[in-house]
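Colleague: This is the structure I want to talk about, given as structure tokens.
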Amino acid sequence: MKNEINAVLENMTATTPEPEDYTGEDGLLYCGKCRKPKEAYFAPDKAAIFGRDRHPAECDCQKTAREEREAAEKRRRHLDTVEELKRRGFTDPAMRDWTFENDNGRNPQAGLARRYVEHWEDMRTDNIGCLFWGGVGTGKSYLAGCIANALMEKEIPVHMTNFALILNDLAASFEGRNEYISRLCRYPLLILDDFGMERGTDYGLEQVFNVIDSRYRSGKPLIVTTNLTLDDLRNPEDTAHSRIYDLVLCQEKVQVKRELFTSIFCLMPHLFPSVLILSNISFHTH
Ligand SMILES: [Zn+2]
């Protein structure tokens with residue numbers, strides 16, 4: 001046992017010289033490349049404990065090599081984290097390609113989506129979400145996907161899903177409905193894609209209401225994409241739908257952070273998605 005301890009100490013306190021290294025005037029080992037010491041003397045009281053007068057030190061080459069190793073390790077951990085976030089965050093791997101980098105630049109709302117990401121801390125603090133609406137093929141899901149990808153690349157957990165999948169999951173859920181919904185509410189950003197496409201059984205509509213209501217109560221932002229127009233949302237077909245749409249639209253608060261969103265309304269909804277800024281700051285007073 002004592003020998004093992006000595007071996008460990010020896011390892012901690014001894015420096016293995018490279019062929020080009022040399023002993024300096026102070027008796028310490030010096031690096032033959034950068035000519036900086038590879039050893040340092042212990043303070044006298046410590047030297048007594050270790051039974052040696054010196055311990056290894058980093059020369060400049062060793063320091064550079066260590067910093068490069070650490071940077072590579074940090075990059076690898078970052079990539080692992082982003083990979084894991086995207087694996088959990090997207091319900092379809094194709095969404096990983098919906099990025100600002102891949103954007104063709106024709107969508108006038110892309111700037112708004114970029115600003116949303118750049119100002120994420122404010123969006124999070126002020127609980128600001130967006131409603132992207134427009135016809136099929138206008139790219140509203142793509143924009144929401146750009147926001148999701150960009151935030152996950154900053155290691156912020158985002159979940160992008162739709163009610164068809166949520167209702168399936170709820171029906172098959174082993175963990176229980178409440179736990180499933182509170183998991184959705186734990187994501188700093190939740191994106192509900194294709195809102196309004198789900199066909200309404202009473203049970204389904206009740207769950208849709210539950211999810212949106214719970215999300216707003218969690219005080220965290222929500223981004224919604226929909227093929228419905230604002231008129232559709234404002235004039236629902238029945239009370240079950242109006243209860244849900246009111247919940248979405250009562251979050252309208254376009255004056256919030258207006259300076260960040262100079263192009264809130266798009267004039268060509270048949271070509272491009274339009275955006276409504278959502279915030280539930282006024283939720284209880286609206
Ligand atoms: Zn060196």
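Every chain in the structure tokens takes a letter, A first, then B, and so on in the order presented; its residues are numbered from 1, and the ligands are numbered from 1 following the presented order.
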Show which residues sit within 12 Å of Gln207 in chain A, as number ranges by chain. Count only C-alpha atoms, and ignore same-chain residues fewer than 4 positions away.

Modeller: A: 163-171, 177-178, 180-181, 198, 200-203, 211-214, 240-241, 244

Colleague: Quick one: everything within 8 Å of Glu20 in chain A, counting only C-alpha atoms, minus sequence neighbours fewer than 6 positions away in the same chain. Send it as number ranges by chain.

Modeller: A: 31-33

Colleague: Once you count only C-alpha atoms and all ligand atoms, which residues end up within 6 Å of ligand 1, and could you hand them over as a list in words?

Modeller: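 Checked against 6 Å with only C-alpha atoms and all ligand atoms; the hits are Cys31, Lys33, Cys34, Lys36, Cys59, Asp60, Cys61 and Gln62 of chain A.
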
Colleague: If you keep N, CA and C atoms, can you produce a file of those selected residues as a compact mmCIF listing (two decimals), in the first residue's frame?

Modeller:
# COMPACT_ATOMS: atom_id res chain seq x y z
N CYS A 31 12.32 23.25 -20.86
CA CYS A 31 11.88 22.75 -22.17
C CYS A 31 12.86 23.20 -23.23
N LYS A 33 12.26 23.39 -26.32
CA LYS A 33 11.58 24.11 -27.41
C LYS A 33 11.29 25.56 -27.02
N CYS A 34 10.52 25.75 -25.91
CA CYS A 34 10.12 27.12 -25.56
C CYS A 34 11.03 27.73 -24.49
N LYS A 36 11.11 27.37 -21.35
CA LYS A 36 10.46 27.70 -20.08
C LYS A 36 10.59 26.48 -19.17
N CYS A 59 5.37 24.10 -19.24
CA CYS A 59 6.07 25.05 -20.10
C CYS A 59 5.03 25.58 -21.09
N ASP A 60 5.41 26.55 -21.92
CA ASP A 60 4.44 27.16 -22.84
C ASP A 60 3.85 26.16 -23.82
N CYS A 61 4.69 25.23 -24.33
CA CYS A 61 4.17 24.25 -25.30
C CYS A 61 3.12 23.36 -24.63
N GLN A 62 3.42 22.94 -23.39
CA GLN A 62 2.46 22.07 -22.69
C GLN A 62 1.16 22.82 -22.40

Colleague: Using Å and a single decimal, report how far CA of Gly139 in chain A sits from CA of Asn102 in chain A.

Modeller: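 Between these atoms lies a distance of 12.5 Å.
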
Colleague: Using DSSP assignments from the backbone, pull out every residue in range 46-269 of chain A that falls under strand (DSSP E or B) and give it to me as an mmCIF file with N, CA and C atoms, in the first residue's frame.

Modeller:
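Result went into out-v4.cif, see below:
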data_model
loop_
_atom_site.group_PDB
_atom_site.id
_atom_site.type_symbol
_atom_site.label_atom_id
_atom_site.label_comp_id
_atom_site.auth_asym_id
_atom_site.auth_seq_id
_atom_site.Cartn_x
_atom_site.Cartn_y
_atom_site.Cartn_z
ATOM 1 N N ARG A 54 10.617 19.428 -5.626
ATOM 2 C CA ARG A 54 10.050 20.033 -6.840
ATOM 3 C C ARG A 54 8.826 19.265 -7.338
ATOM 4 N N HIS A 55 8.049 19.925 -8.206
ATOM 5 C CA HIS A 55 6.874 19.293 -8.828
ATOM 6 C C HIS A 55 6.811 19.743 -10.278
ATOM 7 N N PRO A 56 6.077 19.012 -11.129
ATOM 8 C CA PRO A 56 6.017 19.394 -12.548
ATOM 9 C C PRO A 56 5.337 20.758 -12.717
ATOM 10 N N PHE A 90 -37.128 17.658 -31.672
ATOM 11 C CA PHE A 90 -37.870 17.587 -32.927
ATOM 12 C C PHE A 90 -38.615 16.270 -33.024
ATOM 13 N N ILE A 128 -42.610 36.282 -24.400
ATOM 14 C CA ILE A 128 -43.138 36.677 -25.707
ATOM 15 C C ILE A 128 -43.025 35.506 -26.685
ATOM 16 N N GLY A 129 -44.152 35.161 -27.276
ATOM 17 C CA GLY A 129 -44.176 34.114 -28.286
ATOM 18 C C GLY A 129 -44.618 34.708 -29.615
ATOM 19 N N CYS A 130 -44.882 33.873 -30.593
ATOM 20 C CA CYS A 130 -45.346 34.351 -31.891
ATOM 21 C C CYS A 130 -46.426 33.422 -32.414
ATOM 22 N N LEU A 131 -47.310 33.999 -33.220
ATOM 23 C CA LEU A 131 -48.242 33.200 -33.993
ATOM 24 C C LEU A 131 -47.887 33.425 -35.463
ATOM 25 N N PHE A 132 -47.460 32.372 -36.145
ATOM 26 C CA PHE A 132 -47.182 32.471 -37.578
ATOM 27 C C PHE A 132 -48.394 31.910 -38.304
ATOM 28 N N TRP A 133 -49.056 32.728 -39.083
ATOM 29 C CA TRP A 133 -50.163 32.167 -39.827
ATOM 30 C C TRP A 133 -50.008 32.465 -41.309
ATOM 31 N N VAL A 158 -35.734 23.272 -26.688
ATOM 32 C CA VAL A 158 -36.955 23.674 -27.398
ATOM 33 C C VAL A 158 -37.663 22.391 -27.796
ATOM 34 N N HIS A 159 -38.992 22.401 -27.749
ATOM 35 C CA HIS A 159 -39.725 21.248 -28.260
ATOM 36 C C HIS A 159 -40.677 21.714 -29.336
ATOM 37 N N MET A 160 -40.594 21.075 -30.514
ATOM 38 C CA MET A 160 -41.466 21.432 -31.629
ATOM 39 C C MET A 160 -42.314 20.210 -31.961
ATOM 40 N N THR A 161 -43.619 20.365 -31.826
ATOM 41 C CA THR A 161 -44.497 19.215 -32.048
ATOM 42 C C THR A 161 -45.838 19.741 -32.561
ATOM 43 N N ASN A 162 -46.806 18.872 -32.701
ATOM 44 C CA ASN A 162 -48.137 19.315 -33.140
ATOM 45 C C ASN A 162 -49.192 18.512 -32.386
ATOM 46 N N LEU A 189 -38.927 26.898 -24.481
ATOM 47 C CA LEU A 189 -39.768 27.307 -25.616
ATOM 48 C C LEU A 189 -40.498 26.081 -26.157
ATOM 49 N N LEU A 190 -41.817 26.234 -26.321
ATOM 50 C CA LEU A 190 -42.630 25.178 -26.942
ATOM 51 C C LEU A 190 -43.169 25.710 -28.267
ATOM 52 N N ILE A 191 -43.062 24.904 -29.317
ATOM 53 C CA ILE A 191 -43.594 25.294 -30.629
ATOM 54 C C ILE A 191 -44.687 24.310 -31.009
ATOM 55 N N LEU A 192 -45.896 24.829 -31.207
ATOM 56 C CA LEU A 192 -47.010 23.991 -31.648
ATOM 57 C C LEU A 192 -47.229 24.261 -33.132
ATOM 58 N N ASP A 193 -46.878 23.268 -33.930
ATOM 59 C CA ASP A 193 -46.920 23.406 -35.377
ATOM 60 C C ASP A 193 -48.298 22.964 -35.873
ATOM 61 N N ASP A 194 -48.758 23.589 -36.987
ATOM 62 C CA ASP A 194 -50.006 23.148 -37.614
ATOM 63 C C ASP A 194 -51.207 23.214 -36.686
ATOM 64 N N PHE A 195 -51.237 24.230 -35.868
ATOM 65 C CA PHE A 195 -52.344 24.378 -34.935
ATOM 66 C C PHE A 195 -53.656 24.568 -35.697
ATOM 67 N N LEU A 222 -44.647 30.558 -26.047
ATOM 68 C CA LEU A 222 -45.217 29.574 -26.960
ATOM 69 C C LEU A 222 -45.188 30.160 -28.367
ATOM 70 N N ILE A 223 -44.742 29.364 -29.316
ATOM 71 C CA ILE A 223 -44.836 29.767 -30.719
ATOM 72 C C ILE A 223 -45.824 28.823 -31.396
ATOM 73 N N VAL A 224 -46.751 29.403 -32.156
ATOM 74 C CA VAL A 224 -47.800 28.619 -32.808
ATOM 75 C C VAL A 224 -47.734 28.883 -34.305
ATOM 76 N N THR A 225 -47.816 27.835 -35.111
ATOM 77 C CA THR A 225 -47.989 28.057 -36.546
ATOM 78 C C THR A 225 -49.351 27.493 -36.935
ATOM 79 N N THR A 226 -50.024 28.170 -37.859
ATOM 80 C CA THR A 226 -51.360 27.708 -38.236
ATOM 81 C C THR A 226 -51.713 28.110 -39.665
ATOM 82 N N GLU A 252 -52.493 38.293 -27.464
ATOM 83 C CA GLU A 252 -52.041 39.346 -28.374
ATOM 84 C C GLU A 252 -51.556 40.540 -27.574
#

Colleague: Going by DSSP on the backbone, which residues of range 139-232 of chain A come out as helix (DSSP H, G or I)? List them as number ranges by chain.

Modeller: A: 140-153, 163-172, 177-186, 202-217, 230-232

Colleague: Can you pull out every residue within 10 Å of range 113-122 of chain A, counting only C-alpha atoms, but drop anything in the same chain fewer than 3 positions away, and send it as a ChimeraX atom specification?

Modeller: /A:100,108-110,125-130,143-151,154,156,189,257,260-261,275

Colleague: Could the residues in this selection be written to a file with N, CA and C atoms, as a PDB file, in the first residue's frame?

Modeller:
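Printed below is part_7.pdb as written:
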ATOM      1  N   PHE A 100     -31.620  28.944 -40.487  1.00  0.00           N
ATOM      2  CA  PHE A 100     -31.371  30.231 -41.148  1.00  0.00           C
ATOM      3  C   PHE A 100     -30.325  30.068 -42.248  1.00  0.00           C
ATOM      4  N   PRO A 108     -39.802  37.450 -45.927  1.00  0.00           N
ATOM      5  CA  PRO A 108     -39.563  38.713 -45.215  1.00  0.00           C
ATOM      6  C   PRO A 108     -39.642  38.571 -43.690  1.00  0.00           C
ATOM      7  N   GLN A 109     -40.229  37.484 -43.217  1.00  0.00           N
ATOM      8  CA  GLN A 109     -40.342  37.332 -41.767  1.00  0.00           C
ATOM      9  C   GLN A 109     -39.115  36.656 -41.156  1.00  0.00           C
ATOM     10  N   ALA A 110     -38.153  36.266 -42.004  1.00  0.00           N
ATOM     11  CA  ALA A 110     -36.969  35.598 -41.460  1.00  0.00           C
ATOM     12  C   ALA A 110     -36.205  36.536 -40.529  1.00  0.00           C
ATOM     13  N   THR A 125     -37.801  36.324 -20.684  1.00  0.00           N
ATOM     14  CA  THR A 125     -38.147  37.084 -19.486  1.00  0.00           C
ATOM     15  C   THR A 125     -39.550  37.685 -19.609  1.00  0.00           C
ATOM     16  N   ASP A 126     -39.836  38.258 -20.789  1.00  0.00           N
ATOM     17  CA  ASP A 126     -41.133  38.923 -20.971  1.00  0.00           C
ATOM     18  C   ASP A 126     -42.202  37.965 -21.475  1.00  0.00           C
ATOM     19  N   ASN A 127     -41.814  36.707 -21.614  1.00  0.00           N
ATOM     20  CA  ASN A 127     -42.754  35.689 -22.078  1.00  0.00           C
ATOM     21  C   ASN A 127     -43.422  36.069 -23.388  1.00  0.00           C
ATOM     22  N   ILE A 128     -42.610  36.282 -24.400  1.00  0.00           N
ATOM     23  CA  ILE A 128     -43.138  36.677 -25.707  1.00  0.00           C
ATOM     24  C   ILE A 128     -43.025  35.506 -26.685  1.00  0.00           C
ATOM     25  N   GLY A 129     -44.152  35.161 -27.276  1.00  0.00           N
ATOM     26  CA  GLY A 129     -44.176  34.114 -28.286  1.00  0.00           C
ATOM     27  C   GLY A 129     -44.618  34.708 -29.615  1.00  0.00           C
ATOM     28  N   CYS A 130     -44.882  33.873 -30.593  1.00  0.00           N
ATOM     29  CA  CYS A 130     -45.346  34.351 -31.891  1.00  0.00           C
ATOM     30  C   CYS A 130     -46.426  33.422 -32.414  1.00  0.00           C
ATOM     31  N   LEU A 143     -39.908  28.623 -40.622  1.00  0.00           N
ATOM     32  CA  LEU A 143     -39.425  29.724 -39.773  1.00  0.00           C
ATOM     33  C   LEU A 143     -39.360  29.315 -38.309  1.00  0.00           C
ATOM     34  N   ALA A 144     -40.423  28.641 -37.865  1.00  0.00           N
ATOM     35  CA  ALA A 144     -40.435  28.192 -36.469  1.00  0.00           C
ATOM     36  C   ALA A 144     -39.283  27.212 -36.241  1.00  0.00           C
ATOM     37  N   GLY A 145     -39.023  26.363 -37.251  1.00  0.00           N
ATOM     38  CA  GLY A 145     -37.911  25.414 -37.160  1.00  0.00           C
ATOM     39  C   GLY A 145     -36.557  26.124 -37.090  1.00  0.00           C
ATOM     40  N   CYS A 146     -36.435  27.247 -37.831  1.00  0.00           N
ATOM     41  CA  CYS A 146     -35.188  28.035 -37.776  1.00  0.00           C
ATOM     42  C   CYS A 146     -34.953  28.528 -36.350  1.00  0.00           C
ATOM     43  N   ILE A 147     -36.004  29.028 -35.727  1.00  0.00           N
ATOM     44  CA  ILE A 147     -35.882  29.523 -34.345  1.00  0.00           C
ATOM     45  C   ILE A 147     -35.466  28.366 -33.432  1.00  0.00           C
ATOM     46  N   ALA A 148     -36.131  27.218 -33.610  1.00  0.00           N
ATOM     47  CA  ALA A 148     -35.836  26.057 -32.759  1.00  0.00           C
ATOM     48  C   ALA A 148     -34.378  25.630 -32.917  1.00  0.00           C
ATOM     49  N   ASN A 149     -33.925  25.482 -34.174  1.00  0.00           N
ATOM     50  CA  ASN A 149     -32.541  25.048 -34.403  1.00  0.00           C
ATOM     51  C   ASN A 149     -31.536  26.032 -33.805  1.00  0.00           C
ATOM     52  N   ALA A 150     -31.780  27.321 -34.053  1.00  0.00           N
ATOM     53  CA  ALA A 150     -30.814  28.334 -33.596  1.00  0.00           C
ATOM     54  C   ALA A 150     -30.741  28.351 -32.067  1.00  0.00           C
ATOM     55  N   LEU A 151     -31.886  28.216 -31.401  1.00  0.00           N
ATOM     56  CA  LEU A 151     -31.862  28.232 -29.927  1.00  0.00           C
ATOM     57  C   LEU A 151     -31.205  26.963 -29.388  1.00  0.00           C
ATOM     58  N   LYS A 154     -27.698  27.130 -29.216  1.00  0.00           N
ATOM     59  CA  LYS A 154     -27.222  27.869 -28.032  1.00  0.00           C
ATOM     60  C   LYS A 154     -27.490  27.066 -26.750  1.00  0.00           C
ATOM     61  N   ILE A 156     -30.280  25.825 -25.674  1.00  0.00           N
ATOM     62  CA  ILE A 156     -31.559  26.099 -25.017  1.00  0.00           C
ATOM     63  C   ILE A 156     -32.569  25.049 -25.468  1.00  0.00           C
ATOM     64  N   LEU A 189     -38.927  26.898 -24.481  1.00  0.00           N
ATOM     65  CA  LEU A 189     -39.768  27.307 -25.616  1.00  0.00           C
ATOM     66  C   LEU A 189     -40.498  26.081 -26.157  1.00  0.00           C
ATOM     67  N   LYS A 257     -42.292  45.265 -26.993  1.00  0.00           N
ATOM     68  CA  LYS A 257     -41.018  45.188 -27.712  1.00  0.00           C
ATOM     69  C   LYS A 257     -41.192  45.533 -29.181  1.00  0.00           C
ATOM     70  N   LEU A 260     -38.357  45.816 -31.603  1.00  0.00           N
ATOM     71  CA  LEU A 260     -37.694  44.618 -32.100  1.00  0.00           C
ATOM     72  C   LEU A 260     -38.412  44.054 -33.321  1.00  0.00           C
ATOM     73  N   PHE A 261     -39.667  44.395 -33.437  1.00  0.00           N
ATOM     74  CA  PHE A 261     -40.494  43.768 -34.475  1.00  0.00           C
ATOM     75  C   PHE A 261     -41.118  44.825 -35.365  1.00  0.00           C
ATOM     76  N   VAL A 275     -47.121  37.246 -38.856  1.00  0.00           N
ATOM     77  CA  VAL A 275     -46.705  36.996 -37.486  1.00  0.00           C
ATOM     78  C   VAL A 275     -47.471  37.884 -36.536  1.00  0.00           C
TER      79      VAL A 275
END

Colleague: Between CA of Tyr41 in chain A and CA of Asp53 in chain A, what is the spacing in Å?

Modeller: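 Between CA of Asp53 in chain A and CA of Tyr41 in chain A the gap works out to 5.7 Å.
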
Colleague: Let me make sure I understand: among A:Tyr187, A:Asp231, A:Ser242, A:Lys74, which one has the smallest atom-to-atom distance to Phe209 in chain A if we use only C-alpha atoms?

Modeller: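 Checking each of A:Tyr187, A:Asp231, A:Ser242, A:Lys74 against Phe209 in chain A, counting only C-alpha atoms, the winner is A:Ser242.
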
Colleague: Could you tell me which of A:Pro188, A:Asn227, A:Thr15, A:Arg215 comes closest to Gly137 in chain A if we count only C-alpha atoms?

Modeller: A:Asn227
